[in-house]
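**Q** Mind having a look at this structure? Questions to follow.
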Amino acid sequence: MTRHTVTLTGLRAVYGTGARRVTALDGVTTSFASGTFTAVMGPSGSGKSTLLHCAAGLDRPTEGSVTIDGRCLDDLGEDELTRLRRERVGFVFQAFNLVSTLTAAQNVELPLRLAGRRPPARDVTAALDAVGLADRAGHRPSELSGGEQQRVAVARALITRPAVVFADEPTGALDSAASRQVLRLLRALVDDHRQTVVMVTHDPAAAASADRVLLLADGRVVDELTGGITAAVVAATIAERETASGRTSDRQGTASGGTTVRRETARAQAAVQRPC
Amino acid sequence: MLSVRRSASAFVAVAIGVTVVAATTLLLASGRPQVPDRLARAAVVVQSPEAGAPADSFAPTLPWSASRAAELTSRLVEVPGVAAAVPDRTFYAQPLVDGRPSGTDAQREDAHQGHGWSSTRLGGTRLAAGEPPRRAGEVVVDRALGLRPGGSVTLLTAAGPEPYTVTGLVDAPGVLVADEVAAALAPGVRAIGLLVAPGADPEEVAEAARGVVGGDGQVLTGDGRGALEPRGDARTRWIGMQVLTATAALAGFVTVFVVASTFAFTVAQRRRELGLLRAVGATPRQVRRMVDTEALVVGATAGLTGLLVGAALAPVLGRLLIDVGFEPATFRVRYEPWPVAVSLAAGPVIALLAVWSASRRAARVRPLEALREAAVEQRPIGRPRVATGVLLVAAGGALSLGTATSDDARSAATFALYAVMALVTGATVLAPAVVGPVVRILRSPVRRRGGAIGMLVRAGASTATRRTASTAAPVLLTVAFAVLVSGMVRTTTAAYEAGRAESVNAGWIVVPDRAPGLSDQAVAATGGTALLPTTVFESDPGTSPEHRPLTALGVDPAGFAAANRALTVVAGSLDDLNGDDTVVVTDSANRLPSEPYALVFADGESVSLRVVAVVTDDSVPGDLLLPRHVVRAHDPSALTSAVYVSDRVDPPVGARIIDVSGWAAEADHAEDRLVWLFTLLLIGVSAGYGAVAVANTLLLAAVGRVADLRLIRLAGATRRQVIWLVTAESALVVLIGALLGGAVAFVGLLSIRAGLAEQVGAPVDLVVPWSVVGGVVGLCLLLAVLASALPTWRSLRHRPARSPVGHPSMVGER
């Protein structure tokens, strides 16, 4: 049986009150198997970032529960949650979010320093080496290109040997060459180190690096693609969804190139009980 | 992650605060009573018993009578180790130069004091020329007066001008006469100096002297002899202490306040960075500790800087205080360890107090804030904050009521100060909640005038309420303080002035000119109604303090009743005040007519008097009324403070004549001047601070908003428009702060006015010195505009597209 690193059950997230009330997630149940690379896609406002934030323990869902590496996040206090995130979760942001006053190496070791540990210099060097930036250890973010900054961010996400790495539009601010480099890096993590990676993206080409693509609309998972994913298939599925939007039906079939597309109603997912 | 630019403003604010605290505490520690030069050689001095509470250090002591002093002196000289015991007598005597009281150093009490020649033994004063005075009509004067031995001089004494012959000169202030003359002019003695024989231990002598005098005096040695300083010096020192304490307290309070708003601001600006730290694994506690540590480092270094600057400034300020009249001329700056310790601790303590709420807010930053835009702040104000603000405002209101109902001016002032502190803090805490509505009220003129800029200004001010509030807070503080304190002082002065003019029924008033009071001859020459104040003592072994000083006024009852409109007789008749043993008391004495009343006079004699009438407390500017001749008989140095006359007369020597309104205005002129200077000093401290704080926050804001402003440039605004935008924004913020501050202060002023009206018994006009208020607001406005327009202008020198605008917006991505 496949081990699931992250399990989401019946997630609902509602923000604001009254007229400004927004339902970002409307009953999402899914899981991310260990050693797999999942892309989460969907139009703006579909809830994909909220999904990622809830799954990573950065945000709390209004309803439903999240389990990371066997630990249920629901009842953790802010400090415990932070500690769990620090030890078991890596996060890569769109805007890199490196601390501008620290060097690349200091940024990488920051999570461990916050945990009260002083990592050996060779671990930090190894982490930077793994993203191809061993020679940039002493540079500050302003002295690095966007692609390099994002790779430092990946190294920072990996330094604690997390159970799962979440990436929120990691290529959103990069040119295509730098994007490809970052995606190859993430892919290699999954292939070589059985790292679990969950990535939110707009870009079908980026999603093509994943083993599985979740398509979100209006806070629900509406499509799921697995096997032989290419940019063309992803783009075609999204386009099809947009034309057929509003007429979702329960069907399961095989698209061209052996990609499995599974369509499901949100109603079925919302009925799942909280498991912990 | 201490950033120099970010910390600079907090550093400057703390450093200035500690500078003020260090300078004032050093000066405070230096303000100690000085042993008068006149008694410097007497290692042991026996002083007559304290009258009044020990804290009330400028109440005169209870004098020994001439016979008691003689008896004590003869017994003290027998004490082993005592070479000589010399009674020190002090009386009023002022040389006339060119027919007028000498104007040199009229402020100095010892310039118009006379002593017996033997007192020179106690201070080691030597003749610079001529001979000592040996008989009546001979005097030794200060060489600085420019007189020659053998020449003649007119001495103004309580009786009037008298001719004397100068027999010698000394290099000391005051005049010296033969001991018999001194004994006649000052029958009561307050100090006996003991010259200790060579080889004898002053402490042993003092111990033996204590055995001799028992409870009838205090034996002073070493620095303890500072208690013998002139009462005027003690009073000046006390005023200086009040000024310094208030300045130090205000500086501390304002610093905490200003630094707190700086920290709050930097935390608001760093939400993204703090959110990032939270996202990569910092716990809330770690974030808080980080912010606290930064504050501590800034506080400690700024504190050290402030201490050094303050220590360097202390002597300069000390001289300034002497010149202005807040410290006696004998004041010297001394570097004591405690102010240094206090100032060293002040930096970190101020910084930690100031960062408390900011670091709490920093710890609440959520990791997701790293992903959001920083400018749109969530939740402008929390419920606990509203509760705190409301509580503070309520406390301020209660204290204002305390001000209004307090019948003692000193405690009213204290209440007022605390009330302002509470109101100002409350208003600042509530500011974010109030900013939105105020902006909306103000929006119409801005919008009409500014078009697109007006729209941006309004949107900016009401969206970033916390930024607006933290910029408006120092303006609020400054304006509230300036309006309230200056208004309070001016209103009080005017109220007392009105009360005085109201109570006097006379056309003209003769007052002393360059002399502490009017002589009997001057009073006789004017022929009006005069008050002859003296200090008498009431002794009751059952109470503590045992001896209590009272102000008695020697009057002619008929004239006094005619001139005093406020006089209300409760019992008995004022006309009976003529016998040697008669006295009129006030309500609060709790005595009935014909009751006996024993008092000790300035000559040390105890006299049993009989109450003939009781008047209300506010009828007389003192505690008792006595027949004028009784006061004169017991106090040869008593001087008349004022003579009320119905028609204008030629003023006698050492006097001038003014009309009632002029007199009412200048009666407390010297004191009012000191109070006003003090007020301006305090307003200066707070306004300087407020302006620094406004500039600080706006500088920080300008730097943080460069990206925003470039976007507005890209959207088609000209550079001039952008400068207009930031200038209008700053002006709006200053205006909001000034309005809120003015409102807070106005509430306080109204309650003070109510209190004064009750106290004075007449309607009181609210006086607000608009020039001071305008100056304070103008200063804030000027610095605000400079601090926002200059950095913006500099940052917009380049074409808009040449510099990066920042990260693409991620708002709305869910």
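Identifiers for the structure tokens are assigned positionally: chains receive A, B, ... in sequence, residues are indexed from 1 per chain, and ligands are indexed from 1 in the order shown.
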I'd like the contact shell of Ala613 in chain B - 9 Å cut-off, only C-alpha atoms, skipping same-chain residues fewer than 6 positions apart - returned as an mmCIF file with N, CA and C atoms, in the first residue's frame.
**A**
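Written file, out.cif:
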data_model
loop_
_atom_site.group_PDB
_atom_site.id
_atom_site.type_symbol
_atom_site.label_atom_id
_atom_site.label_comp_id
_atom_site.auth_asym_id
_atom_site.auth_seq_id
_atom_site.Cartn_x
_atom_site.Cartn_y
_atom_site.Cartn_z
ATOM 1 N N VAL B 569 -16.566 88.519 58.397
ATOM 2 C CA VAL B 569 -16.378 88.201 59.813
ATOM 3 C C VAL B 569 -17.439 87.184 60.219
ATOM 4 N N VAL B 570 -17.002 86.073 60.792
ATOM 5 C CA VAL B 570 -17.923 85.006 61.182
ATOM 6 C C VAL B 570 -18.415 85.225 62.609
ATOM 7 N N ALA B 571 -17.479 85.622 63.480
ATOM 8 C CA ALA B 571 -17.854 85.814 64.880
ATOM 9 C C ALA B 571 -16.980 86.907 65.472
ATOM 10 N N GLY B 572 -17.480 87.563 66.501
ATOM 11 C CA GLY B 572 -16.721 88.615 67.151
ATOM 12 C C GLY B 572 -16.689 89.881 66.306
ATOM 13 N N SER B 573 -15.804 90.790 66.665
ATOM 14 C CA SER B 573 -15.727 92.040 65.922
ATOM 15 C C SER B 573 -14.276 92.407 65.663
ATOM 16 N N LEU B 574 -14.018 92.827 64.419
ATOM 17 C CA LEU B 574 -12.662 93.200 64.031
ATOM 18 C C LEU B 574 -12.199 94.458 64.789
ATOM 19 N N ASP B 575 -13.164 95.265 65.199
ATOM 20 C CA ASP B 575 -12.818 96.519 65.896
ATOM 21 C C ASP B 575 -12.107 96.276 67.221
ATOM 22 N N ASP B 576 -12.310 95.074 67.784
ATOM 23 C CA ASP B 576 -11.670 94.785 69.075
ATOM 24 C C ASP B 576 -10.185 94.480 68.929
ATOM 25 N N LEU B 577 -9.707 94.424 67.678
ATOM 26 C CA LEU B 577 -8.302 94.086 67.463
ATOM 27 C C LEU B 577 -7.438 95.317 67.717
ATOM 28 N N VAL B 583 -6.054 88.905 68.988
ATOM 29 C CA VAL B 583 -5.752 88.220 67.733
ATOM 30 C C VAL B 583 -7.053 87.861 67.027
ATOM 31 N N VAL B 584 -7.036 87.900 65.685
ATOM 32 C CA VAL B 584 -8.173 87.451 64.885
ATOM 33 C C VAL B 584 -7.731 86.184 64.161
ATOM 34 N N VAL B 585 -8.553 85.134 64.244
ATOM 35 C CA VAL B 585 -8.178 83.871 63.588
ATOM 36 C C VAL B 585 -9.135 83.600 62.424
ATOM 37 N N THR B 586 -8.778 82.608 61.621
ATOM 38 C CA THR B 586 -9.651 82.201 60.513
ATOM 39 C C THR B 586 -10.419 80.951 60.919
ATOM 40 N N LEU B 592 -12.820 79.937 69.088
ATOM 41 C CA LEU B 592 -13.963 80.836 69.263
ATOM 42 C C LEU B 592 -13.493 82.138 69.897
ATOM 43 N N PRO B 593 -14.242 83.223 69.711
ATOM 44 C CA PRO B 593 -13.874 84.483 70.376
ATOM 45 C C PRO B 593 -13.732 84.291 71.877
ATOM 46 N N SER B 594 -12.778 85.046 72.439
ATOM 47 C CA SER B 594 -12.419 85.059 73.860
ATOM 48 C C SER B 594 -11.651 83.808 74.300
#
**Q** Just need the residues of chain A within 7 Å of chain B, counting only C-alpha atoms, so spit them out as an MDAnalysis selection string.
**A** chainID A and resid 24 44:50 58 79 82:83 85:86 95 97 101 111 114
**Q** Neighbouring residues of Pro132 in chain B were defined as those with any atom within 7 Å, considering only C-alpha atoms; residues of the same chain fewer than 4 positions away were excluded. Please report them as a ChimeraX atom specification.
**A** /B:140,167-168
**Q** Export, as a short mmCIF file (atom, residue, chain, number, x, y, z; two decimals), in the first residue's frame, the selected residues with N, CA and C atoms.
**A**
data_model
loop_
_atom_site.label_atom_id
_atom_site.label_comp_id
_atom_site.auth_asym_id
_atom_site.auth_seq_id
_atom_site.Cartn_x
_atom_site.Cartn_y
_atom_site.Cartn_z
N VAL B 140 30.06 97.95 58.79
CA VAL B 140 31.05 97.45 57.85
C VAL B 140 30.27 96.91 56.66
N THR B 167 32.83 102.01 58.84
CA THR B 167 34.12 101.91 59.54
C THR B 167 35.05 100.95 58.84
N GLY B 168 34.52 100.06 58.04
CA GLY B 168 35.40 99.10 57.38
C GLY B 168 34.71 98.43 56.22
#
**Q** Select from range 37-236 of chain A everything DSSP, run on the backbone, classes as helix (DSSP H, G or I), then give the selection as a VMD selection string.
**A** chain A and resid 48 to 55 78 to 88 104 to 114 121 to 130 134 to 136 141 to 143 146 to 158 176 to 193 204 to 207 231 to 236
**Q** Pick out the closest residue to Arg289 in chain B from this set: B:Thr468, B:Gln269, B:Ser359, B:Thr262. Count only C-alpha atoms.
**A**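 Answer, going by the shortest atom-to-atom distance: B:Ser359.
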**Q** Just want the 10 Å neighbourhood of range 129-135 of chain A, counted on only C-alpha atoms, with same-chain residues fewer than 2 positions away dropped. Output as a list in words.
**A**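 Final neighbour list, sorted by chain and number: Ala104, Ala105, Arg122, Asp123, Val124, Thr125, Ala126, Ala127, Ala137, Gly138, His139, Glu148, Gln149, Gln150, Arg151, Val152, Ala153, Val154, Ala155, Leu158, Gln181, Val182, Leu185, Leu186 and Leu189 of chain A.
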**Q** Mind writing the picked residues with N, CA and C atoms as a CSV table (one decimal), in the first residue's frame?
**A**
chain,number,residue,atom,x,y,z
A,104,ALA,N,23.6,33.7,1.2
A,104,ALA,CA,22.9,32.5,0.7
A,104,ALA,C,23.0,31.4,1.7
A,105,ALA,N,24.3,31.2,2.2
A,105,ALA,CA,24.5,30.1,3.2
A,105,ALA,C,23.7,30.4,4.5
A,122,ARG,N,29.6,21.9,6.4
A,122,ARG,CA,29.6,21.0,5.2
A,122,ARG,C,28.2,20.6,4.8
A,123,ASP,N,27.2,20.6,5.8
A,123,ASP,CA,25.8,20.3,5.4
A,123,ASP,C,25.3,21.4,4.6
A,124,VAL,N,25.6,22.7,5.0
A,124,VAL,CA,25.1,23.8,4.3
A,124,VAL,C,25.7,23.8,2.9
A,125,THR,N,27.0,23.6,2.8
A,125,THR,CA,27.6,23.5,1.5
A,125,THR,C,27.0,22.5,0.6
A,126,ALA,N,26.8,21.3,1.3
A,126,ALA,CA,26.2,20.2,0.5
A,126,ALA,C,24.8,20.6,0.0
A,127,ALA,N,24.0,21.3,0.8
A,127,ALA,CA,22.7,21.7,0.4
A,127,ALA,C,22.8,22.7,-0.8
A,137,ALA,N,27.9,30.7,-1.9
A,137,ALA,CA,27.5,30.6,-0.5
A,137,ALA,C,27.6,32.0,0.2
A,138,GLY,N,28.6,32.8,-0.2
A,138,GLY,CA,28.8,34.1,0.5
A,138,GLY,C,28.0,35.2,-0.1
A,139,HIS,N,27.2,35.0,-1.1
A,139,HIS,CA,26.5,36.1,-1.8
A,139,HIS,C,25.2,36.4,-1.1
A,148,GLU,N,18.8,31.8,-9.3
A,148,GLU,CA,19.7,31.4,-8.2
A,148,GLU,C,19.0,31.6,-6.9
A,149,GLN,N,18.3,32.7,-6.7
A,149,GLN,CA,17.7,33.0,-5.5
A,149,GLN,C,16.7,31.9,-5.2
A,150,GLN,N,15.9,31.5,-6.3
A,150,GLN,CA,14.9,30.4,-6.1
A,150,GLN,C,15.6,29.1,-5.7
A,151,ARG,N,16.8,28.9,-6.3
A,151,ARG,CA,17.4,27.6,-5.9
A,151,ARG,C,18.0,27.7,-4.5
A,152,VAL,N,18.4,28.9,-4.0
A,152,VAL,CA,18.8,29.0,-2.6
A,152,VAL,C,17.5,28.7,-1.7
A,153,ALA,N,16.4,29.2,-2.2
A,153,ALA,CA,15.1,28.9,-1.4
A,153,ALA,C,14.8,27.4,-1.4
A,154,VAL,N,15.1,26.7,-2.5
A,154,VAL,CA,14.9,25.3,-2.5
A,154,VAL,C,15.9,24.6,-1.5
A,155,ALA,N,17.1,25.1,-1.5
A,155,ALA,CA,18.1,24.5,-0.6
A,155,ALA,C,17.7,24.8,0.8
A,158,LEU,N,15.1,22.4,1.9
A,158,LEU,CA,15.5,21.0,2.1
A,158,LEU,C,16.4,20.8,3.3
A,181,GLN,N,15.3,25.0,-15.0
A,181,GLN,CA,16.3,24.6,-14.0
A,181,GLN,C,15.7,24.2,-12.7
A,182,VAL,N,14.8,25.1,-12.2
A,182,VAL,CA,14.2,24.8,-10.9
A,182,VAL,C,13.3,23.6,-10.9
A,185,LEU,N,15.3,20.5,-10.9
A,185,LEU,CA,15.8,20.3,-9.5
A,185,LEU,C,14.7,19.6,-8.7
A,186,LEU,N,13.5,20.1,-8.8
A,186,LEU,CA,12.4,19.5,-8.0
A,186,LEU,C,12.2,18.0,-8.4
A,189,LEU,N,14.7,15.7,-7.1
A,189,LEU,CA,14.5,15.4,-5.7
A,189,LEU,C,13.6,14.2,-5.5
**Q** What is the CA of Ala69 in chain B-CA of Val189 in chain B distance in Å, reported with one decimal?
**A**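 We find that CA of Ala69 in chain B and CA of Val189 in chain B lie 6.4 Å from each other.
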**Q** Env of Ala787 in chain B: 9 Å cut, atoms = only C-alpha atoms, seq-sep filter 5 positions within chain, self excluded. Answer as JSON, numbers by chain.
**A** {"B": [694, 695, 696, 697, 698, 699, 702, 730, 782, 792]}
**Q** Hey, can you check how far CA of Glu71 in chain B sits from CA of Ser606 in chain B?
**A**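 Atom-to-atom, CA of Glu71 in chain B to CA of Ser606 in chain B, that is 16.7 Å.
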**Q** Report the distance between CA of Pro87 in chain B and CA of Ser67 in chain B in Å, rounded to one decimal place.
**A**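 Here the two named atoms are 11.7 Å from each other.
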